[in-house]
Amino acid sequence: MHRAVSRTRQAWGRPLTAYYLVAGSAVLIAALGLVMVFSASQIQALRSGLPATFYLTRQVMAAAAGSVLVLLAARMPVPWHRWLAIPLLVSSVALLGLVQVPGLGRTVNGSTNWLAVGGPFAIQPSEFGKAAFVVWGADLLARKQQHRLLGQWTHLLVPLVPGALLLVGMVLLGGDMGTAVILSAMLFGMLWLVGAPLRLFVVTLTGAGLLAAVLITTSAHRVSRFACLGASDPGPGDQCWQVVHGMYALSTGGLFGNGIGASLEKWGQLPEPHTDFIFAVTGEELGLVGTLTVLGLFAALCAAGLRIAVRASEPFVRLVAGGVVTWIATQATINIGGVLGLLPIAGVPLPLFSYGGSALIAALYAVGLLLAVARSEPAVRAALTARKRARVSARPGLLRRRRAGGRPRRSVFPGG
């Protein structure tokens, strides 16, 4: 037992463990997500008169674009990411503004968060706003920490908080409460990482709670979502239909599930089975083992991200890693909590897993950011360099062995 624990600690302490864990868990989540998107979306596509592979094809296209972005972001030097901080933020704010222009913004399920880009295609700028805020906020706080300015309240809060409020306000204009909560969590997470005083969180969270209460009570739609917490019956007007049927899907999956494609709830009973409630379909088809696998992969990704933040010697690296982990963990918690009936349904996708091109590309960029900041650490860079040299030095010997093995052998018999 003690040897196993010591080996685990030794493996966890190696420079490349967190780096490969981020890459491996992200790939597995995205790959399993593609399988479940295809399974969960087939019936919806056919009912809409579309090919069964319609949603899968779009998701694969987004995954391909996101994969290229991951490779570029992971290989990009950290100073380049910091140089892009302000252009990314300005671009995100501009796109969020265009969403509110009549004729350009597209309303889906009561929220105007999509920007039409031609034909049936649309992007969701709020997803890219999360990535922009991580890079910009980390760069801003790292510069101020380098000059020892964060001890002053003005430098601690300005312009970080006004920038965050601008993004949150523009997202709320479109009716996206879930993304506003995620951005707020990212703001608090980065302030925590730079050592903001506790009284700041008490005052700010109190104000945010009062504002959230006002926003909720002034919207009948949001009030109905809070009324469905822990519901076991659809209720009057079937207002809790989604939550109840999400629980039905999870409860009928058993230990190992009913098999890929064998979900019954996706046949019209469960709204948005490939986006908001893909975790419920996963539970019905893959069972408890499947859902725990998904949770374990997210836990591994977040733990590796936190490991990168803890080991970081540069403030920017620590803040980016912490911001990305806060983003992914908060969004996954909101999505899964809504499916389980523990949190109100916020309409946010399960990161790297649910259907949604903008969400997948933005999440893959976040993974690329984690890999880039991990590679910037001296120990990781040295380990990667040593591993590359070992592979290069092993190639000549491998080639010689292959050539020797490929030559025709002489026969031991005369005249053979």
# chains A, B, ... in the order shown; residues from 1 in each chain; ligands from 1
$ select_by_dssp --residues "region 232-405 of chain A" --states "alpha helix (DSSP H)" --output "ChimeraX atom specification"
/A:241-251,278-311,315-339,357-375,378-405
$ select_by_dssp --residues "region 47-135 of chain A" --states "strand (DSSP E or B)" --output "PyMOL selection string"
chain A and resi 105-108+111-118+121-123
$ write_last_selection --atoms "C-alpha atoms" --output "short mmCIF file (atom, residue, chain, number, x, y, z; two decimals), in the first residue's frame"
data_model
loop_
_atom_site.label_atom_id
_atom_site.label_comp_id
_atom_site.auth_asym_id
_atom_site.auth_seq_id
_atom_site.Cartn_x
_atom_site.Cartn_y
_atom_site.Cartn_z
CA GLY A 105 -28.37 38.29 -33.87
CA ARG A 106 -30.19 34.97 -33.76
CA THR A 107 -32.58 34.01 -30.96
CA VAL A 108 -32.69 30.38 -29.81
CA SER A 111 -31.81 33.81 -25.69
CA THR A 112 -30.20 36.06 -28.29
CA ASN A 113 -26.62 34.84 -28.07
CA TRP A 114 -25.83 33.74 -31.61
CA LEU A 115 -24.44 35.75 -34.49
CA ALA A 116 -25.47 34.70 -38.00
CA VAL A 117 -22.45 34.33 -40.27
CA GLY A 118 -24.18 33.12 -43.42
CA PHE A 121 -24.16 28.80 -39.66
CA ALA A 122 -23.92 30.92 -36.52
CA ILE A 123 -21.31 31.54 -33.84
#
$ closest_residue --among "A:Thr291, A:Gly129, A:Val135, A:Arg199" --to "Val168 (chain A)" --atoms "only C-alpha atoms"
A:Gly129
$ residues_around --residues "His81 (chain A)" --least-positions-apart "2" --cutoff "12 Å" --atoms "only C-alpha atoms" --output "PyMOL selection string"
chain A and resi 72-79+83-88+131-132+134-136+138-139+316-317+320+365-366+368-370+372-373+376
$ residues_around --residues "Trp267 (chain A)" --least-positions-apart "5" --cutoff "10 Å" --atoms "only C-alpha atoms" --output "PyMOL selection string"
chain A and resi 40-44+47+273
$ closest_residue --among "A:Ser313, A:Thr53, A:Ser251, A:Thr326" --to "Leu301 (chain A)" --atoms "only C-alpha atoms"
A:Thr326
$ closest_residue --among "A:Val171, A:Cys228, A:Ile308, A:Ile278" --to "Leu342 (chain A)" --atoms "only C-alpha atoms"
A:Cys228
$ closest_residue --among "A:Phe201, A:Trp327, A:Trp153, A:Phe277" --to "Ser354 (chain A)" --atoms "only C-alpha atoms"
A:Phe277
$ residues_around --residues "Ala280 (chain A)" --least-positions-apart "3" --cutoff "8 Å" --atoms "only C-alpha atoms" --output "JSON, numbers by chain"
{"A": [246, 247, 249, 250, 273, 277, 283, 284, 339]}
$ residues_around --residues "Val294 (chain A)" --least-positions-apart "4" --cutoff "8 Å" --atoms "only C-alpha atoms" --output "list in words"
Ile29, Gly290 and Phe298 of chain A
$ residues_around --residues "Gly337 (chain A)" --least-positions-apart "3" --cutoff "12 Å" --atoms "only C-alpha atoms" --output "ChimeraX atom specification"
/A:229-230,243,246-247,276-277,279-280,329-334,340-350
$ atom_distance --atom1 "CA of Val324 (chain A)" --atom2 "CA of Ala18 (chain A)"
14.3 Å
$ closest_residue --among "A:Val181, A:Met186, A:Leu165, A:Val281" --to "Gly257 (chain A)" --atoms "only C-alpha atoms"
A:Val281
$ atom_distance --atom1 "CA of Pro271 (chain A)" --atom2 "CA of Val60 (chain A)"
22.2 Å
$ atom_distance --atom1 "CA of Pro351 (chain A)" --atom2 "CA of Val367 (chain A)"
10.8 Å
$ closest_residue --among "A:Gly110, A:Gly178, A:Gly103, A:Pro234" --to "Ser126 (chain A)" --atoms "only C-alpha atoms"
A:Gly178
